[in-house]
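Have a look at query-v2.tsv; it's TSV, C-alpha atoms:
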chain	number	residue	atom	x	y	z
A	1	MET	CA	0.00	0.00	0.00
A	2	SER	CA	1.32	3.47	-0.83
A	3	ILE	CA	2.12	5.97	1.93
A	4	PHE	CA	-0.85	8.10	0.87
A	5	ALA	CA	-3.19	5.13	0.94
A	6	THR	CA	-1.90	4.23	4.40
A	7	GLN	CA	-2.50	7.77	5.62
A	8	VAL	CA	-6.02	7.74	4.18
A	9	GLN	CA	-6.69	4.46	5.94
A	10	LYS	CA	-5.47	5.87	9.26
A	11	PHE	CA	-7.60	8.96	8.75
A	12	LYS	CA	-10.61	6.77	8.04
A	13	VAL	CA	-10.07	4.84	11.25
A	14	HIS	CA	-9.59	8.08	13.19
A	15	VAL	CA	-12.82	9.58	11.79
A	16	GLY	CA	-14.62	6.38	12.64
A	17	GLU	CA	-13.40	6.55	16.22
A	18	LEU	CA	-14.34	10.21	16.50
A	19	SER	CA	-17.80	9.49	15.09
A	20	GLN	CA	-18.28	6.72	17.61
A	21	ASN	CA	-17.13	9.02	20.40
A	22	VAL	CA	-19.60	11.70	19.27
A	23	HIS	CA	-22.38	9.13	19.16
A	24	ASN	CA	-21.62	7.82	22.64
A	25	ALA	CA	-21.22	11.26	24.13
A	26	ALA	CA	-24.45	12.48	22.56
A	27	ALA	CA	-26.37	9.43	23.78
A	28	ASP	CA	-25.02	9.93	27.30
A	29	MET	CA	-26.00	13.60	27.20
A	30	VAL	CA	-29.51	12.72	26.08
A	31	LEU	CA	-29.91	10.35	29.02
A	32	VAL	CA	-28.54	12.89	31.50
A	33	SER	CA	-30.72	15.64	30.06
A	34	ILE	CA	-33.87	13.58	30.51
A	35	LYS	CA	-32.96	12.09	33.90
A	36	ASP	CA	-31.13	14.84	35.73
A	37	GLY	CA	-31.60	17.92	33.62
A	38	SER	CA	-29.13	19.79	31.46
A	39	PRO	CA	-27.99	23.36	30.89
A	40	ILE	CA	-27.41	22.40	27.25
A	41	THR	CA	-31.07	21.70	26.57
A	42	GLY	CA	-32.76	23.50	29.45
A	43	ALA	CA	-34.42	20.26	30.52
A	44	PRO	CA	-35.22	20.23	34.24
A	45	GLY	CA	-34.83	16.46	34.69
A	46	GLN	CA	-37.25	13.99	36.25
A	47	PRO	CA	-38.88	15.00	39.53
A	48	VAL	CA	-37.52	12.93	42.40
A	49	ASP	CA	-39.50	11.56	45.33
A	50	ARG	CA	-38.12	8.05	45.79
A	51	GLY	CA	-36.21	8.12	42.51
A	52	THR	CA	-38.28	5.41	40.81
A	53	LEU	CA	-39.10	7.42	37.70
A	54	ARG	CA	-35.65	8.94	37.35
A	55	ASP	CA	-33.97	5.55	37.71
A	56	SER	CA	-36.37	3.96	35.21
A	57	TRP	CA	-34.78	5.93	32.37
A	58	THR	CA	-32.00	3.83	30.85
A	59	ARG	CA	-29.79	3.62	27.79
A	60	THR	CA	-29.60	0.42	25.74
A	61	ASP	CA	-27.26	0.10	22.75
A	62	LYS	CA	-28.94	-1.91	20.01
A	63	ASP	CA	-25.80	-1.69	17.92
A	64	LYS	CA	-22.79	0.61	17.69
A	65	ASP	CA	-24.82	3.25	15.91
A	66	THR	CA	-28.15	2.99	17.76
A	67	ALA	CA	-28.78	3.93	21.37
A	68	VAL	CA	-32.26	3.63	22.83
A	69	ILE	CA	-33.09	5.92	25.76
A	70	ALA	CA	-36.38	4.84	27.27
A	71	THR	CA	-38.45	4.29	30.38
A	72	ASP	CA	-40.88	1.54	31.33
A	73	ALA	CA	-42.67	3.66	33.93
A	74	ALA	CA	-46.36	3.80	33.05
A	75	TYR	CA	-46.74	7.25	34.54
A	76	ALA	CA	-43.74	8.79	32.70
A	77	ALA	CA	-46.00	10.37	30.09
A	78	VAL	CA	-48.12	11.99	32.80
A	79	ILE	CA	-45.04	13.60	34.35
A	80	GLU	CA	-43.60	14.53	30.93
A	81	ASP	CA	-46.74	16.42	29.92
A	82	ASN	CA	-47.48	17.63	33.45
A	83	LEU	CA	-51.00	16.22	33.48
A	84	ASN	CA	-53.01	16.36	36.68
A	85	LEU	CA	-56.66	15.88	35.99
A	86	ASN	CA	-57.96	16.19	39.52
A	87	SER	CA	-56.83	19.75	39.97
A	88	GLY	CA	-57.07	20.81	36.36
A	89	ARG	CA	-53.50	22.05	36.69
A	90	GLY	CA	-50.13	20.41	36.52
A	91	PHE	CA	-48.40	18.83	39.45
A	92	PHE	CA	-46.41	20.81	41.97
A	93	PHE	CA	-42.93	19.32	41.90
A	94	LYS	CA	-40.59	19.62	44.87
A	95	ASN	CA	-37.66	19.45	42.47
A	96	HIS	CA	-36.84	19.24	38.76
A	97	GLY	CA	-39.93	19.32	36.52
A	98	SER	CA	-41.72	18.23	33.39
A	99	HIS	CA	-41.21	18.38	29.62
A	100	SER	CA	-37.64	17.03	29.86
A	101	VAL	CA	-38.02	14.71	26.86
A	102	LYS	CA	-39.40	17.47	24.64
A	103	LEU	CA	-36.67	19.87	25.71
A	104	THR	CA	-34.03	17.23	25.07
A	105	ILE	CA	-35.41	16.59	21.60
A	106	THR	CA	-35.55	20.29	20.74
A	107	GLY	CA	-32.05	20.74	22.16
A	108	TRP	CA	-30.60	17.85	20.14
A	109	LEU	CA	-28.51	20.05	17.88
A	110	LYS	CA	-26.91	21.69	20.90
A	111	ILE	CA	-26.16	18.23	22.30
A	112	VAL	CA	-24.48	17.20	19.04
A	113	GLU	CA	-22.51	20.45	18.99
A	114	GLN	CA	-21.28	19.76	22.52
A	115	ALA	CA	-20.46	16.13	21.74
A	116	VAL	CA	-18.45	17.12	18.66
A	117	ALA	CA	-16.55	19.73	20.66
A	118	GLN	CA	-15.69	17.10	23.28
A	119	ALA	CA	-14.56	14.59	20.67
A	120	LYS	CA	-12.02	16.89	19.01
B	1	MET	CA	-32.68	39.28	25.83
B	2	ILE	CA	-36.28	38.87	24.79
B	3	ASP	CA	-39.24	39.78	26.93
B	4	THR	CA	-40.51	36.34	27.96
B	5	PHE	CA	-43.71	37.86	29.35
B	6	ALA	CA	-44.47	39.35	25.94
B	7	ALA	CA	-43.50	36.09	24.26
B	8	HIS	CA	-45.81	34.07	26.50
B	9	LEU	CA	-48.75	36.40	25.89
B	10	ALA	CA	-48.07	36.49	22.16
B	11	LEU	CA	-48.15	32.71	21.92
B	12	ARG	CA	-51.27	32.56	24.07
B	13	ASN	CA	-53.03	35.21	21.99
B	14	ARG	CA	-52.24	33.35	18.82
B	15	ALA	CA	-53.76	30.20	20.32
B	16	LEU	CA	-56.83	32.21	21.32
B	17	SER	CA	-57.31	33.18	17.67
B	18	LEU	CA	-57.83	29.51	16.78
B	19	VAL	CA	-60.80	28.70	14.56
B	20	VAL	CA	-61.33	24.96	14.16
B	21	CYS	CA	-64.57	25.32	12.21
B	22	THR	CA	-67.32	27.88	11.73
B	23	THR	CA	-70.61	28.50	9.99
B	24	GLY	CA	-69.67	32.11	9.39
B	25	SER	CA	-72.34	34.73	9.91
B	26	GLN	CA	-75.61	33.48	8.49
B	27	THR	CA	-79.23	32.57	9.19
B	28	LEU	CA	-79.47	30.03	11.98
B	29	SER	CA	-82.08	28.94	14.47
B	30	ALA	CA	-82.30	27.09	17.76
B	31	THR	CA	-84.61	24.54	19.34
B	32	ALA	CA	-84.79	23.04	22.79
B	33	THR	CA	-82.36	20.35	21.64
B	34	GLY	CA	-79.78	22.39	19.75
B	35	PHE	CA	-79.10	24.53	16.71
B	36	ALA	CA	-80.40	24.27	13.16
B	37	ARG	CA	-80.06	25.70	9.69
B	38	SER	CA	-82.02	25.42	6.46
B	39	ALA	CA	-79.11	25.81	4.04
B	40	GLY	CA	-75.53	24.61	4.02
B	41	SER	CA	-74.24	21.75	6.16
B	42	PHE	CA	-72.79	21.48	9.65
B	43	VAL	CA	-71.04	18.31	8.53
B	44	THR	CA	-69.34	20.08	5.63
B	45	ASP	CA	-68.39	22.96	7.92
B	46	GLY	CA	-66.48	20.45	10.06
B	47	PHE	CA	-68.49	20.21	13.27
B	48	VAL	CA	-68.18	16.89	15.12
B	49	VAL	CA	-69.47	15.38	18.34
B	50	GLY	CA	-67.52	16.43	21.42
B	51	MET	CA	-66.54	19.86	20.15
B	52	GLU	CA	-67.53	22.87	22.21
B	53	LEU	CA	-69.06	25.52	19.96
B	54	ASN	CA	-69.47	29.18	20.75
B	55	ALA	CA	-72.74	30.76	19.59
B	56	THR	CA	-72.32	34.45	18.83
B	57	GLY	CA	-74.40	37.13	17.16
B	58	ALA	CA	-78.08	37.98	17.36
B	59	TRP	CA	-79.32	35.13	19.57
B	60	VAL	CA	-82.40	35.86	21.66
B	61	GLY	CA	-83.35	32.63	23.43
B	62	ALA	CA	-82.08	32.32	26.99
B	63	GLY	CA	-78.78	30.52	27.14
B	64	ASN	CA	-78.29	30.23	23.37
B	65	ALA	CA	-75.35	32.61	23.14
B	66	GLY	CA	-72.12	31.20	24.51
B	67	PRO	CA	-70.51	27.76	24.75
B	68	HIS	CA	-72.31	24.46	24.13
B	69	VAL	CA	-70.98	20.91	23.79
B	70	ILE	CA	-72.06	19.18	20.57
B	71	THR	CA	-73.72	15.82	21.23
B	72	SER	CA	-74.90	15.02	17.72
B	73	VAL	CA	-74.26	16.28	14.19
B	74	SER	CA	-76.24	16.17	10.98
B	75	ALA	CA	-76.20	18.41	7.95
B	76	LEU	CA	-78.95	20.68	9.23
B	77	ALA	CA	-78.87	20.19	13.01
B	78	LEU	CA	-76.45	20.17	15.93
B	79	GLY	CA	-77.53	18.53	19.17
B	80	CYS	CA	-76.61	20.68	22.19
B	81	ALA	CA	-77.98	20.94	25.71
B	82	GLY	CA	-79.03	24.23	27.27
B	83	CYS	CA	-80.72	25.75	24.22
B	84	ALA	CA	-84.06	27.54	23.87
B	85	VAL	CA	-86.24	28.10	20.83
B	86	ASP	CA	-84.99	30.88	18.56
B	87	ALA	CA	-86.69	31.55	15.20
B	88	PRO	CA	-84.35	31.69	12.20
B	89	ALA	CA	-82.51	35.00	11.98
B	90	ALA	CA	-79.43	36.32	10.21
B	91	ALA	CA	-76.15	37.55	11.71
B	92	ARG	CA	-75.59	34.48	13.83
B	93	THR	CA	-72.44	32.39	13.97
B	94	LEU	CA	-71.54	29.03	15.44
B	95	SER	CA	-67.80	28.45	15.71
B	96	VAL	CA	-65.33	26.18	17.46
B	97	GLY	CA	-62.03	27.52	18.76
B	98	LEU	CA	-59.98	27.03	21.89
B	99	PRO	CA	-62.23	25.67	24.68
B	100	ALA	CA	-63.86	28.39	26.74
B	101	LEU	CA	-62.49	26.91	29.97
B	102	ARG	CA	-58.79	27.73	30.08
B	103	ALA	CA	-56.27	26.70	32.72
B	104	PHE	CA	-53.75	29.43	31.98
B	105	GLU	CA	-50.59	29.56	34.06
B	106	ASN	CA	-50.92	30.82	37.63
B	107	ILE	CA	-54.70	31.32	37.32
B	108	ALA	CA	-57.03	29.45	39.69
B	109	PHE	CA	-58.95	26.83	37.72
B	110	THR	CA	-61.28	23.90	38.37
B	111	PRO	CA	-62.37	21.57	35.55
B	112	GLN	CA	-66.12	21.36	35.00
B	113	SER	CA	-67.61	17.95	34.41
B	114	GLY	CA	-68.91	17.53	30.89
B	115	ARG	CA	-66.92	20.41	29.39
B	116	PRO	CA	-63.66	20.37	27.46
B	117	TYR	CA	-60.83	22.62	28.59
B	118	VAL	CA	-57.30	23.60	27.69
B	119	GLU	CA	-54.19	23.95	29.82
B	120	GLU	CA	-51.02	25.78	28.83
B	121	ASP	CA	-47.35	25.50	29.81
B	122	PHE	CA	-44.79	28.09	28.71
B	123	ILE	CA	-41.26	26.77	29.14
B	124	PRO	CA	-38.25	29.04	28.48
B	125	ALA	CA	-35.38	26.72	27.56
B	126	THR	CA	-31.95	27.84	26.38
B	127	MET	CA	-30.06	31.04	25.69
B	128	SER	CA	-26.92	31.28	23.56
B	129	LEU	CA	-24.73	34.16	22.49
B	130	LEU	CA	-24.21	33.57	18.78
B	131	SER	CA	-21.81	36.35	17.85
B	132	PHE	CA	-19.00	38.50	19.20
B	133	PRO	CA	-18.35	40.77	20.93
B	134	ALA	CA	-20.73	40.05	23.78
B	135	GLN	CA	-21.91	43.63	23.99
B	136	GLY	CA	-24.27	44.03	21.09
B	137	GLY	CA	-23.94	40.41	20.00
B	138	GLN	CA	-26.84	38.31	18.80
B	139	VAL	CA	-28.59	36.16	21.39
B	140	GLU	CA	-30.76	33.17	20.51
B	141	GLU	CA	-33.36	31.97	23.00
B	142	THR	CA	-35.47	28.84	22.67
B	143	MET	CA	-38.70	27.98	24.38
B	144	LEU	CA	-41.63	25.59	24.28
B	145	TYR	CA	-45.32	26.44	24.35
B	146	VAL	CA	-47.39	23.40	25.25
B	147	LEU	CA	-51.16	23.27	24.96
B	148	LYS	CA	-53.04	20.34	26.43
B	149	ILE	CA	-56.50	19.80	24.96
B	150	TYR	CA	-58.77	17.96	27.38
B	151	GLY	CA	-61.73	16.54	25.46
B	152	LEU	CA	-64.67	14.54	26.73
B	153	ASP	CA	-64.23	10.79	26.84
B	154	GLY	CA	-66.69	8.02	26.15
B	155	SER	CA	-67.87	7.78	29.75
B	156	VAL	CA	-69.32	11.28	29.50
B	157	LEU	CA	-70.18	11.38	25.79
B	158	PRO	CA	-70.58	7.80	24.50
B	159	ASN	CA	-69.97	8.66	20.85
B	160	ALA	CA	-67.19	11.18	21.50
B	161	GLY	CA	-64.49	9.31	19.59
B	162	ILE	CA	-61.27	11.06	18.60
B	163	ALA	CA	-62.56	13.57	16.09
B	164	ALA	CA	-63.16	16.56	18.35
B	165	ILE	CA	-59.75	16.36	20.01
B	166	ARG	CA	-57.83	15.54	16.83
B	167	LYS	CA	-59.47	18.28	14.76
B	168	THR	CA	-58.65	20.86	17.44
B	169	VAL	CA	-55.08	19.62	17.66
B	170	GLU	CA	-54.65	19.67	13.87
B	171	ALA	CA	-56.02	23.20	13.68
B	172	LEU	CA	-53.47	24.26	16.31
B	173	ARG	CA	-50.67	22.61	14.34
B	174	LEU	CA	-51.69	24.60	11.29
B	175	LEU	CA	-51.94	27.80	13.33
B	176	PHE	CA	-48.37	27.29	14.54
B	177	ALA	CA	-46.88	25.93	11.32
B	178	PRO	CA	-43.07	25.84	11.02
B	179	GLY	CA	-41.72	29.29	10.26
B	180	THR	CA	-44.70	31.16	11.71
B	181	LEU	CA	-43.59	34.58	12.95
B	182	ILE	CA	-45.36	35.99	16.00
B	183	ALA	CA	-44.78	39.57	17.13
B	184	ALA	CA	-43.94	39.70	20.85
B	185	GLY	CA	-43.30	43.27	21.94
B	186	SER	CA	-40.13	44.41	20.23
B	187	ASN	CA	-39.10	40.82	19.44
B	188	THR	CA	-40.34	38.18	17.03
B	189	VAL	CA	-40.99	34.63	18.16
B	190	ARG	CA	-40.43	32.08	15.41
B	191	VAL	CA	-41.93	28.60	15.36
B	192	ARG	CA	-38.97	26.35	14.70
B	193	GLY	CA	-38.67	24.33	11.52
B	194	ASP	CA	-35.83	22.00	12.54
B	195	VAL	CA	-37.93	20.51	15.32
B	196	ALA	CA	-41.45	21.65	14.50
B	197	VAL	CA	-44.80	21.59	16.19
B	198	GLN	CA	-45.83	18.10	17.27
B	199	SER	CA	-48.83	16.48	18.87
B	200	GLY	CA	-49.00	13.44	21.08
B	201	GLN	CA	-51.23	10.46	21.62
B	202	ILE	CA	-54.75	10.92	22.95
B	203	LEU	CA	-54.43	9.69	26.54
B	204	PRO	CA	-57.52	8.67	28.49
B	205	GLN	CA	-57.34	10.23	31.95
B	206	GLY	CA	-60.33	8.64	33.61
B	207	ASP	CA	-63.10	10.69	35.21
B	208	GLY	CA	-64.43	12.01	31.93
B	209	TRP	CA	-61.54	13.45	29.92
B	210	SER	CA	-58.96	12.38	27.38
B	211	VAL	CA	-56.02	14.66	26.72
B	212	CYS	CA	-53.77	15.40	23.77
B	213	SER	CA	-50.73	17.67	23.98
B	214	VAL	CA	-49.49	20.02	21.30
B	215	THR	CA	-45.86	21.12	21.67
B	216	ILE	CA	-44.76	24.26	19.85
B	217	PRO	CA	-40.95	24.73	19.85
B	218	CYS	CA	-39.95	28.34	19.25
B	219	ARG	CA	-36.89	30.54	19.08
B	220	ALA	CA	-36.32	34.27	19.19
B	221	TYR	CA	-33.32	36.50	18.56
B	222	SER	CA	-32.31	39.67	20.31
B	223	THR	CA	-29.34	41.97	20.79
B	224	ASN	CA	-27.30	41.34	23.90
B	225	THR	CA	-26.97	44.30	26.24
B	226	ILE	CA	-24.61	44.06	29.21
B	227	ALA	CA	-25.60	46.31	32.09
B	228	ALA	CA	-22.97	48.71	33.38
Kindly present the structure from the file in structure tokens form.
Amino acid sequence: MSIFATQVQKFKVHVGELSQNVHNAAADMVLVSIKDGSPITGAPGQPVDRGTLRDSWTRTDKDKDTAVIATDAAYAAVIEDNLNLNSGRGFFFKNHGSHSVKLTITGWLKIVEQAVAQAK
Amino acid sequence: MIDTFAAHLALRNRALSLVVCTTGSQTLSATATGFARSAGSFVTDGFVVGMELNATGAWVGAGNAGPHVITSVSALALGCAGCAVDAPAAARTLSVGLPALRAFENIAFTPQSGRPYVEEDFIPATMSLLSFPAQGGQVEETMLYVLKIYGLDGSVLPNAGIAAIRKTVEALRLLFAPGTLIAAGSNTVRVRGDVAVQSGQILPQGDGWSVCSVTIPCRAYSTNTIAA
């Protein structure tokens, strides 16, 4: 293999590693944003009483390019949308708040920007 | 920085301008069981069971003007409770917009059984300085405006279905289409196009309501001013 071809191959490997680092960092930031809140997205994080809802949010890697951030808590949607039928108003949270998933989604580009900056 | 109070009110006022469907001003009448017309079609106009209409104009019968929940729909008649006989007359309008009962932020509110309502959340999100120097630089702020439409469920209105809630939600999505510019004081709030307005699943809540959320992601730009 020529020197140039070798250098291109090394560059390809390096870009691949950087891409994987960006992916992993971004996925971690998404999970943190939803669970604990994030100044990058403005998400407040999951309200904590006993920590059941917060701890229910997990990351699962389906393959090297696909991370699934999800919860199995049946009441997660109620907290996310701040629904409280009985009072006609949202809940009163002692800490953190609602709409963290939406804010994380709308802040995705800022997450990617941050992940790229960290990977350089 | 933008005036978030002005931004909140601007978004709310735009939502208040919502028209889901309307007869327009025309000749309409009322009976003890609802509203009627002799020309045109309520079905074609888009009225469906579960919607809350607002009767405006030259209504005379006690209780006819104002909000009514639609319990049945045909081309020439809408079933509504709380109506009184009104002979046909012009300059009357039946329209559906945002529900009359509104749980706006920091306002005391109690849901009323058998009536739809709407709840709002205004969520300021991020602020970034986009240019240099800081003094006089451009600042971008993002925010969410979330409207939750609580419609009647099948336990209250057996044939409610999804139409009333979905049509209201779709009308809101159109009202806040990507790229919509909304004047907010000296700033302009823009509905984002990269992550645009979205609606959720209709979630039964029990006790008479099902809810669907509409999330409107927005951004606004301003000039950064650093205080002395």
Practice problem: Grab the CA of Asp49 (chain A) to CA of Ala73 (chain A) distance for me, in Å with one decimal place. | Solution: 14.2 Å
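Taking CA of Gly107 (chain A) as the reference point, CA of Gly42 (chain A) is found at 7.8 Å.
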Quiz item: A:Gln9, A:Thr41, A:Asn82, A:Thr58: which is nearest Asp121 (chain B), counting only C-alpha atoms?
Solution: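 Of all the options, A:Asn82 lies closest to Asp121 (chain B).
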Given all atoms listed in the file, how would the per-residue table for chain A near chain B read, listing every residue at most 12 Å away with its closest atom pair and distance in Å to one decimal, sorted by chain and number, as a tab-separated table?
residue	atom	partner	partner_atom	distance
A:Gly37	CA	B:Ala125	CA	11.3
A:Ser38	CA	B:Thr126	CA	9.9
A:Pro39	CA	B:Thr126	CA	7.5
A:Ile40	CA	B:Thr126	CA	7.1
A:Thr41	CA	B:Thr126	CA	6.2
A:Gly42	CA	B:Ala125	CA	4.6
A:Ala43	CA	B:Ala125	CA	7.2
A:Pro44	CA	B:Ala125	CA	9.3
A:Ala74	CA	B:Leu203	CA	11.9
A:Tyr75	CA	B:Gln205	CA	11.3
A:Ala77	CA	B:Leu203	CA	9.2
A:Val78	CA	B:Leu203	CA	9.2
A:Glu80	CA	B:Ser213	CA	10.4
A:Asp81	CA	B:Ser213	CA	7.3
A:Asn82	CA	B:Asp121	CA	8.7
A:Leu83	CA	B:Lys148	CA	8.4
A:Asn84	CA	B:Gln205	CA	8.9
A:Leu85	CA	B:Gln205	CA	7.0
A:Asn86	CA	B:Pro111	CA	8.0
A:Ser87	CA	B:Thr110	CA	6.3
A:Gly88	CA	B:Pro111	CA	5.4
A:Arg89	CA	B:Ala103	CA	6.7
A:Gly90	CA	B:Glu119	CA	8.6
A:Phe91	CA	B:Asp121	CA	11.8
A:Phe92	CA	B:Asn106	CA	11.8
A:Gly97	CA	B:Ile123	CA	10.6
A:Ser98	CA	B:Ile123	CA	9.6
A:His99	CA	B:Ile123	CA	8.4
A:Ser100	CA	B:Ala125	CA	10.2
A:Val101	CA	B:Thr215	CA	11.4
A:Lys102	CA	B:Thr215	CA	8.0
A:Leu103	CA	B:Ala125	CA	7.2
A:Thr104	CA	B:Ala125	CA	9.9
A:Ile105	CA	B:Val195	CA	7.8
A:Thr106	CA	B:Val195	CA	5.9
A:Gly107	CA	B:Thr126	CA	8.3
A:Trp108	CA	B:Val195	CA	9.2
A:Leu109	CA	B:Asp194	CA	9.3
A:Lys110	CA	B:Thr126	CA	9.7
A:Ile111	CA	B:Thr126	CA	11.9
Hey, what's within 12 Å of Ala87 (chain B) if we count all atoms listed in the file and toss same-chain stuff fewer than 6 positions away? As a PDB file with C-alpha atoms, in the frame of the given file, please?
ATOM      1  CA  THR B  27     -79.230  32.570   9.190  1.00  0.00           C
ATOM      2  CA  LEU B  28     -79.470  30.030  11.980  1.00  0.00           C
ATOM      3  CA  SER B  29     -82.080  28.940  14.470  1.00  0.00           C
ATOM      4  CA  ALA B  30     -82.300  27.090  17.760  1.00  0.00           C
ATOM      5  CA  THR B  31     -84.610  24.540  19.340  1.00  0.00           C
ATOM      6  CA  ALA B  32     -84.790  23.040  22.790  1.00  0.00           C
ATOM      7  CA  PHE B  35     -79.100  24.530  16.710  1.00  0.00           C
ATOM      8  CA  ALA B  36     -80.400  24.270  13.160  1.00  0.00           C
ATOM      9  CA  ARG B  37     -80.060  25.700   9.690  1.00  0.00           C
ATOM     10  CA  SER B  38     -82.020  25.420   6.460  1.00  0.00           C
ATOM     11  CA  ALA B  58     -78.080  37.980  17.360  1.00  0.00           C
ATOM     12  CA  TRP B  59     -79.320  35.130  19.570  1.00  0.00           C
ATOM     13  CA  VAL B  60     -82.400  35.860  21.660  1.00  0.00           C
ATOM     14  CA  GLY B  61     -83.350  32.630  23.430  1.00  0.00           C
ATOM     15  CA  ASN B  64     -78.290  30.230  23.370  1.00  0.00           C
TER      16      ASN B  64
END
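Nearest-residue note for Ala163 (chain B): choosing from B:Ala39, B:Ala177, B:Val48, B:Met1, the minimum distance belongs to B:Val48, counting only C-alpha atoms.
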Quiz item: When you draw a straight line from CA of Leu53 (chain A) to CA of Pro204 (chain B), how long is it in Å?
Solution: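 About the pair CA of Leu53 (chain A) and CA of Pro204 (chain B): they are 20.6 Å apart.
For Ile226 (chain B), the list of residues within 10 Å, based on only C-alpha atoms and with local chain neighbours fewer than 6 positions off taken out, reads Met1, Ala134, Gln135, Gly136 and Gly137 of chain B.
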Any chance you could turn region 28-45 of chain A into a file with N, CA and C atoms, as a tab-separated table (two decimals), in the first residue's frame?
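As written to disk, part_16.tsv reads:
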chain	number	residue	atom	x	y	z
A	28	ASP	N	-25.13	9.72	25.84
A	28	ASP	CA	-25.02	9.93	27.30
A	28	ASP	C	-25.66	11.25	27.70
A	29	MET	N	-25.44	12.28	26.88
A	29	MET	CA	-26.00	13.60	27.20
A	29	MET	C	-27.52	13.59	27.12
A	30	VAL	N	-28.05	12.84	26.18
A	30	VAL	CA	-29.51	12.72	26.08
A	30	VAL	C	-30.07	12.10	27.36
A	31	LEU	N	-29.43	11.03	27.81
A	31	LEU	CA	-29.91	10.35	29.02
A	31	LEU	C	-29.82	11.28	30.23
A	32	VAL	N	-28.71	11.98	30.36
A	32	VAL	CA	-28.54	12.89	31.50
A	32	VAL	C	-29.56	14.02	31.43
A	33	SER	N	-29.78	14.53	30.22
A	33	SER	CA	-30.72	15.64	30.06
A	33	SER	C	-32.11	15.24	30.52
A	34	ILE	N	-32.53	14.04	30.15
A	34	ILE	CA	-33.87	13.58	30.51
A	34	ILE	C	-33.93	13.24	32.00
A	35	LYS	N	-32.91	12.57	32.51
A	35	LYS	CA	-32.96	12.09	33.90
A	35	LYS	C	-32.72	13.20	34.91
A	36	ASP	N	-31.60	13.91	34.70
A	36	ASP	CA	-31.13	14.84	35.73
A	36	ASP	C	-31.27	16.30	35.36
A	37	GLY	N	-31.56	16.54	34.08
A	37	GLY	CA	-31.60	17.92	33.62
A	37	GLY	C	-30.29	18.31	32.97
A	38	SER	N	-30.33	19.40	32.19
A	38	SER	CA	-29.13	19.79	31.46
A	38	SER	C	-29.16	21.27	31.11
A	39	PRO	N	-28.05	21.97	31.33
A	39	PRO	CA	-27.99	23.36	30.89
A	39	PRO	C	-27.88	23.47	29.38
A	40	ILE	N	-27.53	22.37	28.72
A	40	ILE	CA	-27.41	22.40	27.25
A	40	ILE	C	-28.79	22.49	26.62
A	41	THR	N	-29.73	21.74	27.16
A	41	THR	CA	-31.07	21.70	26.57
A	41	THR	C	-32.09	22.51	27.36
A	42	GLY	N	-31.77	22.83	28.61
A	42	GLY	CA	-32.76	23.50	29.45
A	42	GLY	C	-33.74	22.54	30.10
A	43	ALA	N	-33.52	21.24	29.92
A	43	ALA	CA	-34.42	20.26	30.52
A	43	ALA	C	-34.24	20.26	32.04
A	44	PRO	N	-35.33	20.20	32.78
A	44	PRO	CA	-35.22	20.23	34.24
A	44	PRO	C	-34.87	18.88	34.86
A	45	GLY	N	-35.06	17.79	34.14
A	45	GLY	CA	-34.83	16.46	34.69
A	45	GLY	C	-36.09	15.93	35.36
